[in-house]
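Data file: coords32.pdb. Format and content: PDB, C-alpha atoms and all ligand atoms.
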MODEL        1
ATOM      1  CA  MET N 138       0.000   0.000   0.000
ATOM      2  CA  GLU N 139       1.245   3.483  -0.798
ATOM      3  CA  LYS N 140       2.697   5.171   2.234
ATOM      4  CA  ARG N 141       0.929   8.494   2.648
ATOM      5  CA  ILE N 142       3.142  11.562   2.428
ATOM      6  CA  ILE N 143       2.167  12.673   5.908
ATOM      7  CA  GLN N 144       3.444   9.394   7.389
ATOM      8  CA  LEU N 145       6.940  10.265   6.191
ATOM      9  CA  ILE N 146       7.061  13.263   8.553
ATOM     10  CA  LYS N 147       8.038  11.601  11.811
ATOM     11  CA  GLN N 148       9.657  14.562  13.508
ATOM     12  CA  LYS N 149       7.583  16.318  16.181
ATOM     13  CA  GLY N 150       8.182  19.797  17.588
ATOM     14  CA  ILE N 151       9.846  22.688  15.786
ATOM     15  CA  HIS N 152      10.568  20.674  12.627
ATOM     16  CA  GLY N 153       7.276  18.758  12.623
ATOM     17  CA  ILE N 154       4.150  18.866  10.504
ATOM     18  CA  GLU N 155       3.213  22.459  11.440
ATOM     19  CA  HIS N 156       6.593  23.689  10.167
ATOM     20  CA  ALA N 157       6.200  21.567   7.008
ATOM     21  CA  ASN N 158       2.749  23.059   6.377
ATOM     22  CA  ARG N 159       3.964  26.638   6.826
ATOM     23  CA  VAL N 160       6.957  26.063   4.519
ATOM     24  CA  MET N 161       4.524  24.607   1.954
ATOM     25  CA  CYS N 162       2.258  27.646   2.230
ATOM     26  CA  LEU N 163       5.157  30.136   2.017
ATOM     27  CA  SER N 164       6.862  28.368  -0.882
ATOM     28  CA  LEU N 165       3.670  28.059  -2.954
ATOM     29  CA  TYR N 166       2.851  31.719  -2.331
ATOM     30  CA  LEU N 167       6.390  32.723  -3.301
ATOM     31  CA  ALA N 168       6.399  30.481  -6.385
ATOM     32  CA  ASN N 169       3.112  31.978  -7.504
ATOM     33  CA  LYS N 170       4.572  35.501  -7.178
ATOM     34  CA  LEU N 171       7.619  34.443  -9.226
ATOM     35  CA  LEU N 172       5.664  32.790 -12.040
ATOM     36  CA  LYS N 173       5.679  35.955 -14.141
ATOM     37  CA  ASP N 174       9.509  35.836 -14.311
ATOM     38  CA  TYR N 175       9.865  32.036 -14.114
ATOM     39  CA  PRO N 176       6.858  30.569 -15.944
ATOM     40  CA  ASP N 177       8.292  27.029 -15.810
ATOM     41  CA  ILE N 178       8.420  26.703 -12.031
ATOM     42  CA  ASP N 179       7.506  23.114 -11.154
ATOM     43  CA  MET N 180       4.719  23.597  -8.593
ATOM     44  CA  HIS N 181       4.430  19.877  -7.971
ATOM     45  CA  THR N 182       8.096  19.728  -6.945
ATOM     46  CA  ILE N 183       7.582  22.765  -4.706
ATOM     47  CA  LEU N 184       4.692  21.006  -2.984
ATOM     48  CA  ILE N 185       6.530  17.712  -2.325
ATOM     49  CA  SER N 186       9.881  19.307  -1.404
ATOM     50  CA  SER N 187       8.389  21.812   1.007
ATOM     51  CA  LEU N 188       6.478  19.136   2.906
ATOM     52  CA  LEU N 189       9.337  16.639   3.048
ATOM     53  CA  HIS N 190      12.508  18.754   3.246
ATOM     54  CA  ASP N 191      13.037  17.879   6.923
ATOM     55  CA  CYS N 192      11.660  14.306   6.909
ATOM     56  CA  GLY N 193      15.150  12.886   7.480
ATOM     57  CA  ARG N 194      15.726  14.815  10.688
ATOM     58  CA  SER N 195      16.431  12.721  13.735
ATOM     59  CA  ASN N 196      16.502  15.617  16.199
ATOM     60  CA  ASP N 197      15.727  19.341  16.490
ATOM     61  CA  ARG N 198      19.339  20.336  17.031
ATOM     62  CA  ASN N 199      22.130  20.706  14.499
ATOM     63  CA  ASP N 200      21.370  17.587  12.467
ATOM     64  CA  LYS N 201      24.033  18.420   9.889
ATOM     65  CA  PHE N 202      23.278  15.760   7.264
ATOM     66  CA  HIS N 203      19.488  15.566   7.611
ATOM     67  CA  ALA N 204      18.931  16.843   4.049
ATOM     68  CA  TYR N 205      20.766  13.804   2.622
ATOM     69  CA  LYS N 206      18.708  11.500   4.827
ATOM     70  CA  SER N 207      15.527  13.278   3.631
ATOM     71  CA  VAL N 208      16.528  12.674  -0.004
ATOM     72  CA  GLU N 209      17.104   8.985   0.777
ATOM     73  CA  ILE N 210      13.629   8.633   2.330
ATOM     74  CA  ILE N 211      11.911  10.557  -0.496
ATOM     75  CA  THR N 212      13.704   8.591  -3.229
ATOM     76  CA  LYS N 213      12.749   5.251  -1.647
ATOM     77  CA  TRP N 214       9.132   6.416  -1.237
ATOM     78  CA  VAL N 215       8.902   7.518  -4.889
ATOM     79  CA  TYR N 216      10.448   4.320  -6.320
ATOM     80  CA  ASP N 217       8.702   1.886  -3.951
ATOM     81  CA  ASN N 218       5.344   3.413  -4.865
ATOM     82  CA  ASN N 219       6.084   4.063  -8.527
ATOM     83  CA  LEU N 220       5.170   7.736  -8.136
ATOM     84  CA  ASN N 221       5.521  10.265 -10.893
ATOM     85  CA  HIS N 222       7.661  12.865  -9.070
ATOM     86  CA  ASN N 223      10.796  14.615 -10.341
ATOM     87  CA  VAL N 224      13.248  12.996  -7.907
ATOM     88  CA  ASP N 225      16.249  14.845  -9.341
ATOM     89  CA  LEU N 226      14.693  18.289  -8.877
ATOM     90  CA  ILE N 227      13.187  17.405  -5.491
ATOM     91  CA  SER N 228      16.637  16.211  -4.344
ATOM     92  CA  LYS N 229      18.236  19.491  -5.408
ATOM     93  CA  CYS N 230      15.585  21.415  -3.462
ATOM     94  CA  VAL N 231      16.032  19.358  -0.321
ATOM     95  CA  ILE N 232      19.855  19.403  -0.429
ATOM     96  CA  HIS N 233      19.995  23.146  -1.045
ATOM     97  CA  HIS N 234      17.880  24.065   1.995
ATOM     98  CA  ASN N 235      20.686  22.775   4.197
ATOM     99  CA  SER N 236      23.675  22.664   1.882
ATOM    100  CA  VAL N 237      26.670  21.379   3.810
ATOM    101  CA  TYR N 238      28.801  21.279   0.668
ATOM    102  CA  LYS N 239      28.653  23.806  -2.131
ATOM    103  CA  GLU N 240      26.618  22.345  -4.987
ATOM    104  CA  ASN N 241      28.510  22.062  -8.279
ATOM    105  CA  TYR N 242      25.497  22.826 -10.496
ATOM    106  CA  GLU N 243      23.305  25.844 -11.095
ATOM    107  CA  ILE N 244      20.779  26.139  -8.289
ATOM    108  CA  PRO N 245      17.243  25.759  -9.711
ATOM    109  CA  ILE N 246      14.690  28.432  -8.825
ATOM    110  CA  GLU N 247      12.588  25.776  -7.038
ATOM    111  CA  ALA N 248      15.514  25.088  -4.665
ATOM    112  CA  LYS N 249      15.951  28.794  -3.870
ATOM    113  CA  ILE N 250      12.226  29.033  -3.129
ATOM    114  CA  ILE N 251      12.296  26.090  -0.687
ATOM    115  CA  ALA N 252      15.415  27.410   1.084
ATOM    116  CA  ASP N 253      13.880  30.870   1.491
ATOM    117  CA  ALA N 254      10.512  29.535   2.638
ATOM    118  CA  ASP N 255      12.325  27.464   5.272
ATOM    119  CA  LYS N 256      14.277  30.527   6.441
ATOM    120  CA  LEU N 257      11.119  32.661   6.445
ATOM    121  CA  ASP N 258       9.578  30.202   8.903
ATOM    122  CA  ARG N 259      12.325  31.124  11.352
ATOM    123  CA  GLU N 260       9.612  33.605  12.348
ATOM    124  CA  ARG N 261       8.416  30.762  14.587
ATOM    125  CA  PHE N 262      11.375  31.626  16.840
ATOM    126  CA  ARG N 263      11.692  34.754  18.889
ATOM    127  CA  SER N 264      14.769  35.837  16.892
ATOM    128  CA  GLY N 265      12.725  35.711  13.663
ATOM    129  CA  CYS N 266      13.946  35.573  10.077
ATOM    130  CA  ASN N 267      16.993  37.641   9.135
ATOM    131  CA  PRO N 268      16.285  38.998   5.611
ATOM    132  CA  LYS N 269      19.993  39.166   4.785
ATOM    133  CA  TYR N 270      20.057  35.352   4.511
ATOM    134  CA  LEU N 271      17.215  35.234   1.970
ATOM    135  CA  GLU N 272      18.313  34.508  -1.618
ATOM    136  CA  LEU N 273      15.389  36.016  -3.504
ATOM    137  CA  GLU N 274      14.290  39.652  -3.326
ATOM    138  CA  GLU N 275      10.663  38.520  -3.551
ATOM    139  CA  SER N 276      11.108  36.572  -0.288
ATOM    140  CA  LYS N 277      11.910  39.758   1.607
ATOM    141  CA  LYS N 278       8.470  41.067   0.677
ATOM    142  CA  ILE N 279       6.604  38.229   2.374
ATOM    143  CA  ILE N 280       8.015  38.320   5.878
ATOM    144  CA  TRP N 281       4.552  39.599   6.819
ATOM    145  CA  LEU N 282       3.102  36.222   5.726
ATOM    146  CA  ALA N 283       5.653  34.268   7.755
ATOM    147  CA  LYS N 284       4.689  36.365  10.791
ATOM    148  CA  LEU N 285       0.984  35.881  10.101
ATOM    149  CA  LEU N 286       1.382  32.088   9.873
ATOM    150  CA  ASN N 287       3.183  32.152  13.223
ATOM    151  CA  ASN N 288       0.573  34.333  14.966
ATOM    152  CA  LYS N 289       2.962  37.265  15.317
TER     153      LYS N 289
HETATM  154 FE    FE N 301      12.775  23.214   7.670
ENDMDL
END
Rendering of file as structure tokens:
Amino acid sequence: MEKRIIQLIKQKGIHGIEHANRVMCLSLYLANKLLKDYPDIDMHTILISSLLHDCGRSNDRNDKFHAYKSVEIITKWVYDNNLNHNVDLISKCVIHHNSVYKENYEIPIEAKIIADADKLDRERFRSGCNPKYLELEESKKIIWLAKLLNNK
């Protein structure tokens, strides 16, 4: 039986399902704003990557290689269930949100969106999101949404 996407998110707390949902909301909103300049944005990849980017986390602390573990889980899920997802692009999105090593390829727009949406949700912490770490100018315009989603 196909494992439901939600069952892949095991982590509770600050990297749990609420964080995944907010990153999904922020990344889809951002992608929609960017469509005029990037009409080929893969919305399906944005949806899957935003929900599952942290699924490989084993703790809420500095889990340095969790992005690689997330890619492993997502890839197995896609192939085991014969799903029609762009594993290559999803992997780039997930790796880029927590890139330990510098990637040796051009970063796709979808990956920049996921990374920024994840950073925007730092609004869930008291310290908030520091705009200087955001990659896309458009992201800086939606800090209000990240605050709204976190009841600030
Ligand atoms: Fe995250």
For this session: Mind listing whatever residues come within 8 Å of the point (12.2, 9.9, 5.9)? Use all atoms listed in the file, file coordinates, and give them as a PyMOL selection string.
Result: chain N and resi 145-147+189+192-194+206-211
Would you kindly return, as a PDB file with C-alpha atoms, in the coordinates of the input, each protein, DNA or RNA residue with an atom no farther than 8 Å from any atom of His234 of chain N, considering only C-alpha atoms and excluding same-chain residues fewer than 2 positions away?
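Dumped to around19.pdb:
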ATOM      1  CA  HIS N 190      12.508  18.754   3.246  1.00  0.00           C
ATOM      2  CA  ALA N 204      18.931  16.843   4.049  1.00  0.00           C
ATOM      3  CA  CYS N 230      15.585  21.415  -3.462  1.00  0.00           C
ATOM      4  CA  VAL N 231      16.032  19.358  -0.321  1.00  0.00           C
ATOM      5  CA  ILE N 232      19.855  19.403  -0.429  1.00  0.00           C
ATOM      6  CA  SER N 236      23.675  22.664   1.882  1.00  0.00           C
ATOM      7  CA  ALA N 248      15.514  25.088  -4.665  1.00  0.00           C
ATOM      8  CA  LYS N 249      15.951  28.794  -3.870  1.00  0.00           C
ATOM      9  CA  ILE N 251      12.296  26.090  -0.687  1.00  0.00           C
ATOM     10  CA  ALA N 252      15.415  27.410   1.084  1.00  0.00           C
ATOM     11  CA  ASP N 253      13.880  30.870   1.491  1.00  0.00           C
ATOM     12  CA  ASP N 255      12.325  27.464   5.272  1.00  0.00           C
TER      13      ASP N 255
END
Exercise. Selected by the PyMOL selection byres (((not hetatm)) within 8 of (chain N and resi 301)) in the shown coordinates: which residues, as a VMD selection string?
Worked result: chain N and resid 152 156 to 157 160 190 to 191 234 255 to 256 258
Problem set entry | d(atom CA of Asp197 of chain N, atom CA of Asn288 of chain N) in Å | 21.4 Å
For this session: Skip Asn221 of chain N itself and residues of its chain fewer than 4 positions away, then list as number ranges by chain all residues within 12 Å of it, counting all atoms listed in the file.
Result: N: 181-182, 185, 212, 214-217, 225, 227
Using all atoms listed in the file, which protein or nucleic acid residues come within 6 Å of segment 275-285 of chain N? Drop anything in the same chain fewer than 4 positions from it, and give the result as a tab-separated table (two decimals) with C-alpha atoms, keeping the file's coordinate frame.
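This went into result-v5.tsv:
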chain	number	residue	atom	x	y	z
N	257	LEU	CA	11.12	32.66	6.44
N	258	ASP	CA	9.58	30.20	8.90
N	260	GLU	CA	9.61	33.60	12.35
N	268	PRO	CA	16.28	39.00	5.61
N	289	LYS	CA	2.96	37.26	15.32
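Comparing the minimum interatomic distances between Ile244 of chain N and each of N:Asn158, N:Arg263, N:Asp200, N:Glu272, counting all atoms listed in the file, we find that N:Glu272 sits nearest.
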Problem set entry | Atom-to-atom span, atom CA of Arg141 of chain N and atom CA of Gly153 of chain N, Å | 15.7 Å
Problem set entry | 7 Å contact set for Ile183 of chain N, all atoms listed in the file, chain neighbours under 5 positions out, as a ChimeraX atom specification | /N:164-165,247
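Atom CA of Arg261 of chain N is positioned 22.6 Å from atom CA of Lys170 of chain N.
Remark: for Leu172 of chain N, the closest of the candidate residues N:Ile250, N:Ile151, N:Leu226, N:Lys239 is N:Ile250 (distances computed over all atoms listed in the file).
Using all atoms listed in the file for every distance, the candidate list N:Gln144, N:His203, N:Cys266, N:Ala254 yields N:Ala254 as the residue closest to Tyr166 of chain N.
Nearest residue to Ser228 of chain N among N:Arg198, N:Ile246, N:Glu240, N:Ser186 is N:Ser186, counting only C-alpha atoms.
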Kindly provide, as JSON, the centre and edge lengths (Å, one decimal) of an axis-aligned box around all atoms of segment 151-154 of chain N given in the file, with 5 Å on each side.
{"center_x": 7.4, "center_y": 20.7, "center_z": 13.1, "size_x": 16.4, "size_y": 13.9, "size_z": 15.3}
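For the choices N:Leu167, N:Val237, N:Leu220, N:Ile143, the atom-to-atom distance to Tyr205 of chain N is smallest for N:Val237 when using all atoms listed in the file.
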Extract segment 194-244 of chain N from the coordinates I pasted, and write it as a short mmCIF file (atom, residue, chain, number, x, y, z; two decimals), in the first residue's frame (atoms kept: N, CA and C atoms).
data_model
loop_
_atom_site.label_atom_id
_atom_site.label_comp_id
_atom_site.auth_asym_id
_atom_site.auth_seq_id
_atom_site.Cartn_x
_atom_site.Cartn_y
_atom_site.Cartn_z
N ARG N 194 15.19 14.33 9.41
CA ARG N 194 15.73 14.81 10.69
C ARG N 194 15.56 13.77 11.78
N SER N 195 16.58 13.64 12.61
CA SER N 195 16.43 12.72 13.74
C SER N 195 16.39 13.48 15.05
N ASN N 196 16.66 14.80 14.99
CA ASN N 196 16.50 15.62 16.20
C ASN N 196 16.31 17.08 15.79
N ASP N 197 15.99 17.93 16.76
CA ASP N 197 15.73 19.34 16.49
C ASP N 197 16.98 20.20 16.59
N ARG N 198 18.11 19.56 16.88
CA ARG N 198 19.34 20.34 17.03
C ARG N 198 20.06 20.41 15.69
N ASN N 199 21.37 20.54 15.73
CA ASN N 199 22.13 20.71 14.50
C ASN N 199 22.35 19.35 13.81
N ASP N 200 21.32 18.88 13.16
CA ASP N 200 21.37 17.59 12.47
C ASP N 200 21.96 17.85 11.07
N LYS N 201 23.30 17.88 11.04
CA LYS N 201 24.03 18.42 9.89
C LYS N 201 23.69 17.78 8.54
N PHE N 202 23.47 16.46 8.55
CA PHE N 202 23.28 15.76 7.26
C PHE N 202 21.82 15.34 7.03
N HIS N 203 20.88 16.02 7.72
CA HIS N 203 19.49 15.57 7.61
C HIS N 203 18.93 15.70 6.19
N ALA N 204 19.44 16.66 5.41
CA ALA N 204 18.93 16.84 4.05
C ALA N 204 19.23 15.60 3.19
N TYR N 205 20.41 15.02 3.39
CA TYR N 205 20.77 13.80 2.62
C TYR N 205 19.87 12.64 3.03
N LYS N 206 19.59 12.56 4.33
CA LYS N 206 18.71 11.50 4.83
C LYS N 206 17.28 11.71 4.26
N SER N 207 16.85 12.98 4.20
CA SER N 207 15.53 13.28 3.63
C SER N 207 15.45 12.81 2.18
N VAL N 208 16.50 13.09 1.41
CA VAL N 208 16.53 12.67 0.00
C VAL N 208 16.44 11.15 -0.11
N GLU N 209 17.13 10.46 0.78
CA GLU N 209 17.10 8.98 0.78
C GLU N 209 15.67 8.48 1.01
N ILE N 210 15.01 9.06 1.99
CA ILE N 210 13.63 8.63 2.33
C ILE N 210 12.68 8.94 1.17
N ILE N 211 12.81 10.15 0.60
CA ILE N 211 11.91 10.56 -0.50
C ILE N 211 12.13 9.67 -1.72
N THR N 212 13.40 9.42 -2.05
CA THR N 212 13.70 8.59 -3.23
C THR N 212 13.12 7.19 -3.07
N LYS N 213 13.29 6.60 -1.90
CA LYS N 213 12.75 5.25 -1.65
C LYS N 213 11.22 5.27 -1.77
N TRP N 214 10.60 6.29 -1.20
CA TRP N 214 9.13 6.42 -1.24
C TRP N 214 8.64 6.51 -2.68
N VAL N 215 9.32 7.33 -3.49
CA VAL N 215 8.90 7.52 -4.89
C VAL N 215 9.05 6.21 -5.66
N TYR N 216 10.22 5.54 -5.53
CA TYR N 216 10.45 4.32 -6.32
C TYR N 216 9.62 3.13 -5.81
N ASP N 217 9.49 3.00 -4.50
CA ASP N 217 8.70 1.89 -3.95
C ASP N 217 7.24 1.97 -4.39
N ASN N 218 6.77 3.22 -4.55
CA ASN N 218 5.34 3.41 -4.86
C ASN N 218 5.10 3.79 -6.32
N ASN N 219 6.21 3.78 -7.10
CA ASN N 219 6.08 4.06 -8.53
C ASN N 219 5.39 5.41 -8.78
N LEU N 220 5.82 6.42 -8.03
CA LEU N 220 5.17 7.74 -8.14
C LEU N 220 5.83 8.56 -9.23
N ASN N 221 5.04 9.46 -9.78
CA ASN N 221 5.52 10.26 -10.89
C ASN N 221 6.01 11.63 -10.39
N HIS N 222 7.09 11.62 -9.57
CA HIS N 222 7.66 12.87 -9.07
C HIS N 222 9.05 13.05 -9.66
N ASN N 223 9.47 14.30 -9.79
CA ASN N 223 10.80 14.61 -10.34
C ASN N 223 11.84 14.50 -9.22
N VAL N 224 12.33 13.28 -9.03
CA VAL N 224 13.25 13.00 -7.91
C VAL N 224 14.51 13.84 -7.98
N ASP N 225 15.02 14.07 -9.19
CA ASP N 225 16.25 14.85 -9.34
C ASP N 225 16.04 16.28 -8.84
N LEU N 226 14.96 16.90 -9.28
CA LEU N 226 14.69 18.29 -8.88
C LEU N 226 14.33 18.38 -7.39
N ILE N 227 13.54 17.43 -6.92
CA ILE N 227 13.19 17.41 -5.49
C ILE N 227 14.47 17.28 -4.65
N SER N 228 15.37 16.41 -5.08
CA SER N 228 16.64 16.21 -4.34
C SER N 228 17.43 17.51 -4.29
N LYS N 229 17.50 18.22 -5.40
CA LYS N 229 18.24 19.49 -5.41
C LYS N 229 17.60 20.49 -4.44
N CYS N 230 16.28 20.51 -4.39
CA CYS N 230 15.58 21.42 -3.46
C CYS N 230 15.91 21.06 -2.01
N VAL N 231 15.83 19.80 -1.71
CA VAL N 231 16.03 19.36 -0.32
C VAL N 231 17.49 19.56 0.11
N ILE N 232 18.43 19.22 -0.75
CA ILE N 232 19.85 19.40 -0.43
C ILE N 232 20.17 20.89 -0.23
N HIS N 233 19.64 21.72 -1.10
CA HIS N 233 19.99 23.15 -1.04
C HIS N 233 19.50 23.84 0.22
N HIS N 234 18.40 23.36 0.81
CA HIS N 234 17.88 24.07 2.00
C HIS N 234 18.83 23.94 3.18
N ASN N 235 19.72 22.96 3.10
CA ASN N 235 20.69 22.78 4.20
C ASN N 235 22.03 22.35 3.60
N SER N 236 22.49 23.11 2.62
CA SER N 236 23.68 22.66 1.88
C SER N 236 24.92 22.71 2.76
N VAL N 237 25.45 21.53 3.01
CA VAL N 237 26.67 21.38 3.81
C VAL N 237 27.87 21.61 2.89
N TYR N 238 27.76 21.10 1.68
CA TYR N 238 28.80 21.28 0.67
C TYR N 238 28.24 22.19 -0.41
N LYS N 239 29.12 22.94 -1.06
CA LYS N 239 28.65 23.81 -2.13
C LYS N 239 28.27 22.93 -3.33
N GLU N 240 27.06 23.16 -3.86
CA GLU N 240 26.62 22.34 -4.99
C GLU N 240 27.38 22.76 -6.25
N ASN N 241 27.73 21.76 -7.07
CA ASN N 241 28.51 22.06 -8.28
C ASN N 241 27.62 22.13 -9.53
N TYR N 242 26.41 22.63 -9.36
CA TYR N 242 25.50 22.83 -10.50
C TYR N 242 24.73 24.12 -10.23
N GLU N 243 24.09 24.62 -11.27
CA GLU N 243 23.31 25.84 -11.10
C GLU N 243 22.08 25.54 -10.21
N ILE N 244 21.88 26.39 -9.23
CA ILE N 244 20.78 26.14 -8.29
C ILE N 244 19.44 26.47 -8.97
#
